[in-house]
Amino acid sequence: MRSEVVRTHLRCNQNCVYCTARRPDDDLAWARGDAVRARVGEVLSRGAREVVLTGGEPAMRRDLPALIADARRRGAERVVVETNATLVDDAVARAWRDAGVSLARVNLSAWGEALDDVTRDPGGFARTLAGLRSLRTAGVEVELCAALVAPTLPHVAQIPEALAHAFDGELSGLSMSARVPVESPDPSALARYEDAAAALSATLSAAKRVGLSLKLAPDSGPPPCVFPQPSAVASLYALTAGAPPRGDHSRLPACERCAVRDRCPGVHTAYLSRFGAPSVKPVTDDRARRRLSLIGSTEAQVRREFVQRSRFADPRALTAVDEDLIRVNFHCNQACRFCFVSTHLPAATDDAVREAIVTAARAGHQVTLTGGEPTLNPRLVEYVALARAHSPRPVAMQTNAIRLADAAYTAALVDAGLGWAQVSLHASTAALSDAMTEAPGTFDKTVAGLDALHAHPSVDLVIAFVITRRNHADLAPFVRMVAARWPRAFVSLSFVGAFTDLVPRDAEMVPRYADVMPDLAEAAREATRLGVALVGFDSMCGVPLCLVPPEVRPAASEIPAGYDEGEFTRAEACTRCALSTRCYGLRRSYRDLYGDGELRAVEAT
């Protein structure tokens with residue numbers, strides 16, 4: 001979405017040390033309402049779909065609601081107000097909302113008195129926090145904007161957890177962006193990219209802990225190559241391949257070897273003139289390249305991934321029904337490389353989640369609450385109860401069960417109506433599991449969460465194991481562990497699928513079926529011997545049915561025509577297979593790696 005900035009005026013009630021826009025007085029002719037409306041009209045005529053009203057401090061204008069409403073009437077799809085929120089009370093927030101504001105971008109570069117030192121406005125932080133509360137009460141979406149300059153670097157990482165404490169962990173409709181200014185009235189206030197990168201890494205870790213989305217402003221550095229591990233901070237970026245060059249940025253010699261040179265603008269020329277070239281490490285890892293990429297806007301990606309249509313295969317009834325996977329949030333407390341969810345995306349609003357639940361339930365679909373990690377959403381118990389109130393089917397949840405180690409929390413979910421729980425666990429040992437999830441110490445917590453779920457007979461329990469190059473030899477030991485510890489659980493096996501740009505499309509992640517089949521056959525024999533039900537083969541994430549060991553091959557349902565949306569392909573053998581209408585075939589990404597010669601036709605019996 002093309003976005004254009006319109007300054008309403010230049011006066012401000014604060015005096016931030018890094019601000020280059022503020023002026024003590026305005027040119028009254030330039031700041032008049034009709035002049036502002038004319039500038040809005042100009043940007044809309046150039047194709048802008050989002051108008052950003054900024055200043056100075058726009059809230060100083062009594063006609064700001066009228067300017068917002070006028071921009072919407074003239075065709076702006078989104079109107080953003082950039083503000084310090086110190087002048088926002090409940091009435092102001094409601095007026096902005098009623099006028100059609102889409103987002104309030106609130107300056108919050110530090111917490112408490114540290115912010116007042118930067119804004120040179122004693123008591124300003126308290127007024128900003130009050131303004132934030134008013135905006136959220138009015139239902140206005142809020143994005144916090146933190147400027148990383150020398151005075152704020154020691155404080156910015158404190159913001160996410162302080163914010164979560166201030167709002168009792170309820171951060172829906174709230175996100176955070178960061179920018180690193182390269183110009184300032186006081187050059188000593190500017191930060192080097194290397195120092196800003198360290199502060200950003202710490203802030204990102206803090207944001208993930210509390211479930212706050214953090215991104216880097218699109219017009220700001222540092223580029224990803226400044227970070228020691230770009231893939232670890234990829235969620236900060238939204239780089240689009242084929243972006244046009246920027247005249248205010250320059251390339252470094254190292255850019256020629258970088259895998260994201262087609263989407264990264266380089267380094268700002270003002271930064272280079274002041275500090276020289278930063279220390280960089282070109283991005284060469286394909287995983288990092290994929291994670292740094294964004295197709296379309298953040299909003300479009302949220303819409304695309306928020307509700308996912310699927311087929312819910314009930315292993316008890318041996319039937320499949322339409323299912324809506326509803327992502328109550330995107331962030332997660334693990335970091336599996338094979339995960340296809342965009343965990344850096346901001347959560348949908350509470351209203352959107354509730355609407356999706358009710359819509360799915362009334363349509364007769366299976367309601368499955370998922371993420372990211374859904375237990376990180378403080379309203380999950382409410383969502384389970386809402387689904388149960390509207391759906392005749394048991395409410396399902398996909399989770400890593402880390403938080404379910406709290407038996408009281410698990411009991412609350414069950415009491416609210418949880419009927420199915422699918423728990424992700426991808427190894428039988430802590431060493432392998434924690435390495436795969438890149439979250440040390442979480443294997444033991446997931447096991448404790450499974451124990452808590454298994455103690456509730458009313459909850460059908462499915463343990464999901466994703467087969468990758470790294471863990472397929474652990475299949476039989478995994479089955480034996482489940483039989484010994486959670487005997488009534490189903491084990492759902494899926495095969496890693498590189499069907500989004502987030503999953504590496506390489507042999508290091510995706511094994512050949514031929515390499516997996518001996519381990520799968522042993523697991524099938526063990527499951528039959530121990531009475532463990534293996535399921536999941538007939539899903540999109542399963543294994544071609546011709547390769548599934550006969551003793552665990554499901555009596556799969558017919559697949560509706562076109563249901564795979566072109567993601568799968570078929571080999572010549574599929575045209576002669578008795579299971580062809582019940583099997584998806586082969587993922588295109590797998591065929592591109594290994595071809596389709598492993599498939600074979602199954603004769604009718």
# chains A, B, ... in the order shown; residues from 1 in each chain; ligands from 1
>>> residues_around(residues="stretch 451-466 of chain A", least_positions_apart="3", cutoff="9 Å", atoms="only C-alpha atoms", output="VMD selection string")
chain A and resid 338 394 401 404 to 407 410 to 411 414 418 to 427 446 to 448 471 to 472 475 478 482 485 to 496 535 to 536 541
>>> select_by_dssp(residues="stretch 21-252 of chain A", states="strand (DSSP E or B)", output="JSON, numbers by chain")
{"A": [50, 51, 52, 53, 54, 78, 79, 80, 81, 82, 83, 103, 104, 105, 106, 107, 142, 143, 144, 145, 146, 147, 174, 175, 176, 177, 178, 179, 213, 214, 215, 216, 239, 249, 250]}
>>> residues_around(residues="A:Gly417", least_positions_apart="6", cutoff="8 Å", atoms="only C-alpha atoms", output="compact mmCIF listing (two decimals) with N, CA and C atoms, in the first residue's frame")
# COMPACT_ATOMS: atom_id res chain seq x y z
N VAL A 384 -12.18 -20.15 23.87
CA VAL A 384 -12.65 -21.54 23.93
C VAL A 384 -14.12 -21.57 24.33
N ALA A 385 -14.47 -20.79 25.34
CA ALA A 385 -15.87 -20.75 25.79
C ALA A 385 -16.79 -20.23 24.69
N ARG A 388 -17.29 -22.95 22.13
CA ARG A 388 -18.14 -24.02 22.66
C ARG A 388 -19.60 -23.59 22.69
N PRO A 394 -16.61 -30.47 19.31
CA PRO A 394 -15.62 -30.17 20.36
C PRO A 394 -14.64 -29.10 19.89
N VAL A 395 -14.31 -28.19 20.76
CA VAL A 395 -13.37 -27.12 20.43
C VAL A 395 -11.96 -27.70 20.44
>>> closest_residue(among="A:Ala484, A:Leu135, A:Ala259, A:Ala347", to="A:Leu212", atoms="only C-alpha atoms")
A:Ala347
>>> residues_around(residues="A:Leu380", least_positions_apart="4", cutoff="12 Å", atoms="only C-alpha atoms", output="mmCIF file with N, CA, C and O atoms, in the first residue's frame")
data_model
loop_
_atom_site.group_PDB
_atom_site.id
_atom_site.type_symbol
_atom_site.label_atom_id
_atom_site.label_comp_id
_atom_site.auth_asym_id
_atom_site.auth_seq_id
_atom_site.Cartn_x
_atom_site.Cartn_y
_atom_site.Cartn_z
ATOM 1 N N GLU A 170 -2.449 -7.477 28.519
ATOM 2 C CA GLU A 170 -3.410 -7.394 27.414
ATOM 3 C C GLU A 170 -2.869 -6.401 26.367
ATOM 4 O O GLU A 170 -3.047 -5.186 26.499
ATOM 5 N N ILE A 326 -7.938 -20.881 13.306
ATOM 6 C CA ILE A 326 -8.011 -19.457 13.637
ATOM 7 C C ILE A 326 -6.798 -19.092 14.476
ATOM 8 O O ILE A 326 -6.628 -19.598 15.596
ATOM 9 N N ARG A 327 -5.946 -18.223 13.942
ATOM 10 C CA ARG A 327 -4.713 -17.835 14.639
ATOM 11 C C ARG A 327 -5.034 -16.687 15.600
ATOM 12 O O ARG A 327 -5.146 -15.538 15.190
ATOM 13 N N VAL A 328 -5.159 -17.036 16.872
ATOM 14 C CA VAL A 328 -5.514 -16.016 17.863
ATOM 15 C C VAL A 328 -4.333 -15.075 18.129
ATOM 16 O O VAL A 328 -4.504 -14.010 18.723
ATOM 17 N N ASN A 329 -3.143 -15.466 17.730
ATOM 18 C CA ASN A 329 -1.966 -14.605 17.694
ATOM 19 C C ASN A 329 -0.947 -15.317 16.806
ATOM 20 O O ASN A 329 -1.109 -16.490 16.464
ATOM 21 N N ASP A 350 -9.138 -8.386 18.843
ATOM 22 C CA ASP A 350 -10.034 -9.250 19.611
ATOM 23 C C ASP A 350 -11.364 -9.411 18.898
ATOM 24 O O ASP A 350 -11.914 -10.521 18.815
ATOM 25 N N VAL A 353 -11.010 -11.893 16.022
ATOM 26 C CA VAL A 353 -10.918 -13.277 16.485
ATOM 27 C C VAL A 353 -12.301 -13.793 16.857
ATOM 28 O O VAL A 353 -12.694 -14.906 16.471
ATOM 29 N N ARG A 354 -13.038 -13.009 17.609
ATOM 30 C CA ARG A 354 -14.377 -13.443 18.023
ATOM 31 C C ARG A 354 -15.291 -13.653 16.819
ATOM 32 O O ARG A 354 -16.066 -14.622 16.765
ATOM 33 N N ILE A 357 -14.407 -16.920 15.065
ATOM 34 C CA ILE A 357 -14.867 -18.093 15.824
ATOM 35 C C ILE A 357 -16.360 -18.328 15.591
ATOM 36 O O ILE A 357 -16.795 -19.447 15.291
ATOM 37 N N THR A 368 -10.731 -24.628 15.367
ATOM 38 C CA THR A 368 -9.431 -24.970 15.934
ATOM 39 C C THR A 368 -8.655 -23.690 16.203
ATOM 40 O O THR A 368 -8.367 -22.930 15.280
ATOM 41 N N LEU A 369 -8.359 -23.439 17.457
ATOM 42 C CA LEU A 369 -7.633 -22.237 17.865
ATOM 43 C C LEU A 369 -6.146 -22.540 17.834
ATOM 44 O O LEU A 369 -5.680 -23.508 18.421
ATOM 45 N N THR A 370 -5.408 -21.682 17.138
ATOM 46 C CA THR A 370 -4.000 -21.961 16.933
ATOM 47 C C THR A 370 -3.220 -20.662 16.902
ATOM 48 O O THR A 370 -3.741 -19.601 17.221
ATOM 49 N N GLY A 371 -1.956 -20.744 16.526
ATOM 50 C CA GLY A 371 -1.095 -19.568 16.479
ATOM 51 C C GLY A 371 -0.100 -19.695 15.348
ATOM 52 O O GLY A 371 -0.427 -20.267 14.309
ATOM 53 N N GLU A 373 1.661 -19.529 19.070
ATOM 54 C CA GLU A 373 1.316 -20.308 20.254
ATOM 55 C C GLU A 373 0.105 -19.675 20.933
ATOM 56 O O GLU A 373 0.210 -18.612 21.549
ATOM 57 N N PRO A 374 -1.079 -20.290 20.817
ATOM 58 C CA PRO A 374 -2.311 -19.654 21.284
ATOM 59 C C PRO A 374 -2.360 -19.420 22.784
ATOM 60 O O PRO A 374 -3.055 -18.517 23.247
ATOM 61 N N THR A 375 -1.642 -20.226 23.574
ATOM 62 C CA THR A 375 -1.711 -20.039 25.026
ATOM 63 C C THR A 375 -1.029 -18.748 25.471
ATOM 64 O O THR A 375 -1.149 -18.366 26.648
ATOM 65 N N LEU A 376 -0.341 -18.066 24.561
ATOM 66 C CA LEU A 376 0.237 -16.764 24.893
ATOM 67 C C LEU A 376 -0.801 -15.649 24.822
ATOM 68 O O LEU A 376 -0.516 -14.514 25.221
ATOM 69 N N VAL A 384 -12.181 -20.153 23.871
ATOM 70 C CA VAL A 384 -12.651 -21.543 23.928
ATOM 71 C C VAL A 384 -14.124 -21.572 24.328
ATOM 72 O O VAL A 384 -14.940 -22.290 23.720
ATOM 73 N N ALA A 385 -14.474 -20.794 25.338
ATOM 74 C CA ALA A 385 -15.871 -20.754 25.786
ATOM 75 C C ALA A 385 -16.789 -20.226 24.692
ATOM 76 O O ALA A 385 -17.910 -20.731 24.502
ATOM 77 N N LEU A 386 -16.333 -19.224 23.951
ATOM 78 C CA LEU A 386 -17.141 -18.668 22.861
ATOM 79 C C LEU A 386 -17.377 -19.720 21.782
ATOM 80 O O LEU A 386 -18.508 -19.883 21.293
ATOM 81 N N ALA A 387 -16.334 -20.442 21.410
ATOM 82 C CA ALA A 387 -16.482 -21.479 20.394
ATOM 83 C C ALA A 387 -17.430 -22.578 20.881
ATOM 84 O O ALA A 387 -18.279 -23.069 20.120
ATOM 85 N N VAL A 395 -14.311 -28.188 20.758
ATOM 86 C CA VAL A 395 -13.366 -27.124 20.425
ATOM 87 C C VAL A 395 -11.956 -27.703 20.435
ATOM 88 O O VAL A 395 -11.557 -28.421 21.366
ATOM 89 N N ALA A 396 -11.185 -27.388 19.395
ATOM 90 C CA ALA A 396 -9.829 -27.918 19.269
ATOM 91 C C ALA A 396 -8.798 -26.803 19.418
ATOM 92 O O ALA A 396 -9.093 -25.629 19.198
ATOM 93 N N MET A 397 -7.591 -27.195 19.778
ATOM 94 C CA MET A 397 -6.496 -26.244 19.943
ATOM 95 C C MET A 397 -5.190 -26.896 19.506
ATOM 96 O O MET A 397 -4.955 -28.081 19.793
ATOM 97 N N GLN A 398 -4.351 -26.144 18.809
ATOM 98 C CA GLN A 398 -3.002 -26.582 18.475
ATOM 99 C C GLN A 398 -2.025 -25.792 19.337
ATOM 100 O O GLN A 398 -2.070 -24.557 19.365
ATOM 101 N N THR A 399 -1.108 -26.483 20.024
ATOM 102 C CA THR A 399 -0.280 -25.817 21.028
ATOM 103 C C THR A 399 1.015 -26.588 21.225
ATOM 104 O O THR A 399 1.118 -27.770 20.858
ATOM 105 N N ARG A 403 2.777 -23.756 28.377
ATOM 106 C CA ARG A 403 2.034 -23.100 29.454
ATOM 107 C C ARG A 403 1.047 -24.039 30.130
ATOM 108 O O ARG A 403 0.562 -23.759 31.231
ATOM 109 N N TYR A 409 -4.349 -23.740 34.823
ATOM 110 C CA TYR A 409 -4.663 -23.130 33.529
ATOM 111 C C TYR A 409 -5.258 -24.180 32.590
ATOM 112 O O TYR A 409 -6.240 -23.914 31.882
ATOM 113 N N THR A 410 -4.669 -25.371 32.586
ATOM 114 C CA THR A 410 -5.209 -26.447 31.756
ATOM 115 C C THR A 410 -6.644 -26.768 32.161
ATOM 116 O O THR A 410 -7.527 -26.929 31.303
ATOM 117 N N ALA A 412 -8.783 -24.780 33.493
ATOM 118 C CA ALA A 412 -9.658 -23.678 33.063
ATOM 119 C C ALA A 412 -10.039 -23.824 31.599
ATOM 120 O O ALA A 412 -11.196 -23.575 31.213
ATOM 121 N N LEU A 413 -9.099 -24.242 30.763
ATOM 122 C CA LEU A 413 -9.405 -24.450 29.346
ATOM 123 C C LEU A 413 -10.385 -25.604 29.163
ATOM 124 O O LEU A 413 -11.325 -25.522 28.357
ATOM 125 N N VAL A 414 -10.178 -26.664 29.918
ATOM 126 C CA VAL A 414 -11.078 -27.817 29.823
ATOM 127 C C VAL A 414 -12.472 -27.432 30.305
ATOM 128 O O VAL A 414 -13.484 -27.770 29.666
ATOM 129 N N ALA A 416 -13.793 -24.588 30.157
ATOM 130 C CA ALA A 416 -14.392 -23.674 29.171
ATOM 131 C C ALA A 416 -14.924 -24.424 27.961
ATOM 132 O O ALA A 416 -15.727 -23.877 27.201
ATOM 133 N N GLY A 417 -14.488 -25.668 27.755
ATOM 134 C CA GLY A 417 -15.022 -26.461 26.656
ATOM 135 C C GLY A 417 -14.007 -27.063 25.719
ATOM 136 O O GLY A 417 -14.374 -27.558 24.642
ATOM 137 N N LEU A 418 -12.729 -27.042 26.067
ATOM 138 C CA LEU A 418 -11.728 -27.652 25.203
ATOM 139 C C LEU A 418 -11.978 -29.146 25.082
ATOM 140 O O LEU A 418 -12.082 -29.850 26.087
#
>>> residues_around(residues="stretch 516-520 of chain A", least_positions_apart="6", cutoff="8 Å", atoms="only C-alpha atoms", output="list in words")
His472, Ala473, Asp474, Leu475, Ala476, Leu547 and Pro549 of chain A
>>> write_last_selection(atoms="N, CA and C atoms", output="PDB file, in the first residue's frame")
ATOM      1  N   HIS A 472      13.994 -38.071  11.891  1.00  0.00           N
ATOM      2  CA  HIS A 472      13.218 -39.242  11.456  1.00  0.00           C
ATOM      3  C   HIS A 472      13.725 -40.545  12.071  1.00  0.00           C
ATOM      4  N   ALA A 473      15.000 -40.597  12.482  1.00  0.00           N
ATOM      5  CA  ALA A 473      15.491 -41.807  13.145  1.00  0.00           C
ATOM      6  C   ALA A 473      14.905 -41.977  14.544  1.00  0.00           C
ATOM      7  N   ASP A 474      14.257 -40.940  15.052  1.00  0.00           N
ATOM      8  CA  ASP A 474      13.688 -40.979  16.409  1.00  0.00           C
ATOM      9  C   ASP A 474      12.222 -41.411  16.410  1.00  0.00           C
ATOM     10  N   LEU A 475      11.688 -41.798  15.258  1.00  0.00           N
ATOM     11  CA  LEU A 475      10.261 -42.114  15.180  1.00  0.00           C
ATOM     12  C   LEU A 475       9.866 -43.271  16.105  1.00  0.00           C
ATOM     13  N   ALA A 476      10.563 -44.390  16.029  1.00  0.00           N
ATOM     14  CA  ALA A 476      10.186 -45.543  16.865  1.00  0.00           C
ATOM     15  C   ALA A 476      10.379 -45.263  18.353  1.00  0.00           C
ATOM     16  N   LEU A 547       3.126 -44.626   0.026  1.00  0.00           N
ATOM     17  CA  LEU A 547       4.336 -44.864   0.789  1.00  0.00           C
ATOM     18  C   LEU A 547       4.055 -45.190   2.256  1.00  0.00           C
ATOM     19  N   PRO A 549       3.080 -47.288   5.377  1.00  0.00           N
ATOM     20  CA  PRO A 549       3.023 -48.726   5.663  1.00  0.00           C
ATOM     21  C   PRO A 549       1.581 -49.214   5.726  1.00  0.00           C
TER      22      PRO A 549
END
>>> residues_around(residues="stretch 262-266 of chain A", least_positions_apart="3", cutoff="9 Å", atoms="only C-alpha atoms", output="number ranges by chain")
A: 221-224, 239-246, 249-252, 255, 258-259, 293
>>> residues_around(residues="A:Asp27", least_positions_apart="5", cutoff="10 Å", atoms="only C-alpha atoms", output="CSV table (one decimal) with C-alpha atoms, in the first residue's frame")
chain,number,residue,atom,x,y,z
A,9,HIS,CA,1.9,22.0,11.0
A,10,LEU,CA,5.3,22.2,12.7
A,32,ARG,CA,-4.4,26.6,7.6
>>> select_by_dssp(residues="stretch 225-439 of chain A", states="helix (DSSP H, G or I)", output="JSON, numbers by chain")
{"A": [225, 226, 230, 231, 232, 233, 234, 235, 236, 253, 254, 255, 256, 257, 269, 270, 271, 272, 273, 274, 275, 286, 287, 288, 289, 290, 291, 298, 299, 300, 301, 302, 303, 304, 305, 306, 350, 351, 352, 353, 354, 355, 356, 357, 358, 359, 360, 361, 362, 374, 375, 376, 380, 381, 382, 383, 384, 385, 386, 387, 388, 389, 390, 403, 404, 405, 407, 408, 409, 410, 411, 412, 413, 414, 415, 416, 430, 431, 432, 433, 434, 435, 436, 437]}
>>> atom_distance(atom1="atom CA of A:Arg7", atom2="atom CA of A:Val36")
7.6 Å
>>> closest_residue(among="A:Pro378, A:Gly41, A:Gly33, A:Pro187", to="A:Glu4", atoms="only C-alpha atoms")
A:Gly41
>>> atom_distance(atom1="atom CA of A:Ala110", atom2="atom CA of A:Ala270")
24.6 Å
>>> atom_distance(atom1="atom CA of A:Ser201", atom2="atom CA of A:Leu174")
19.6 Å
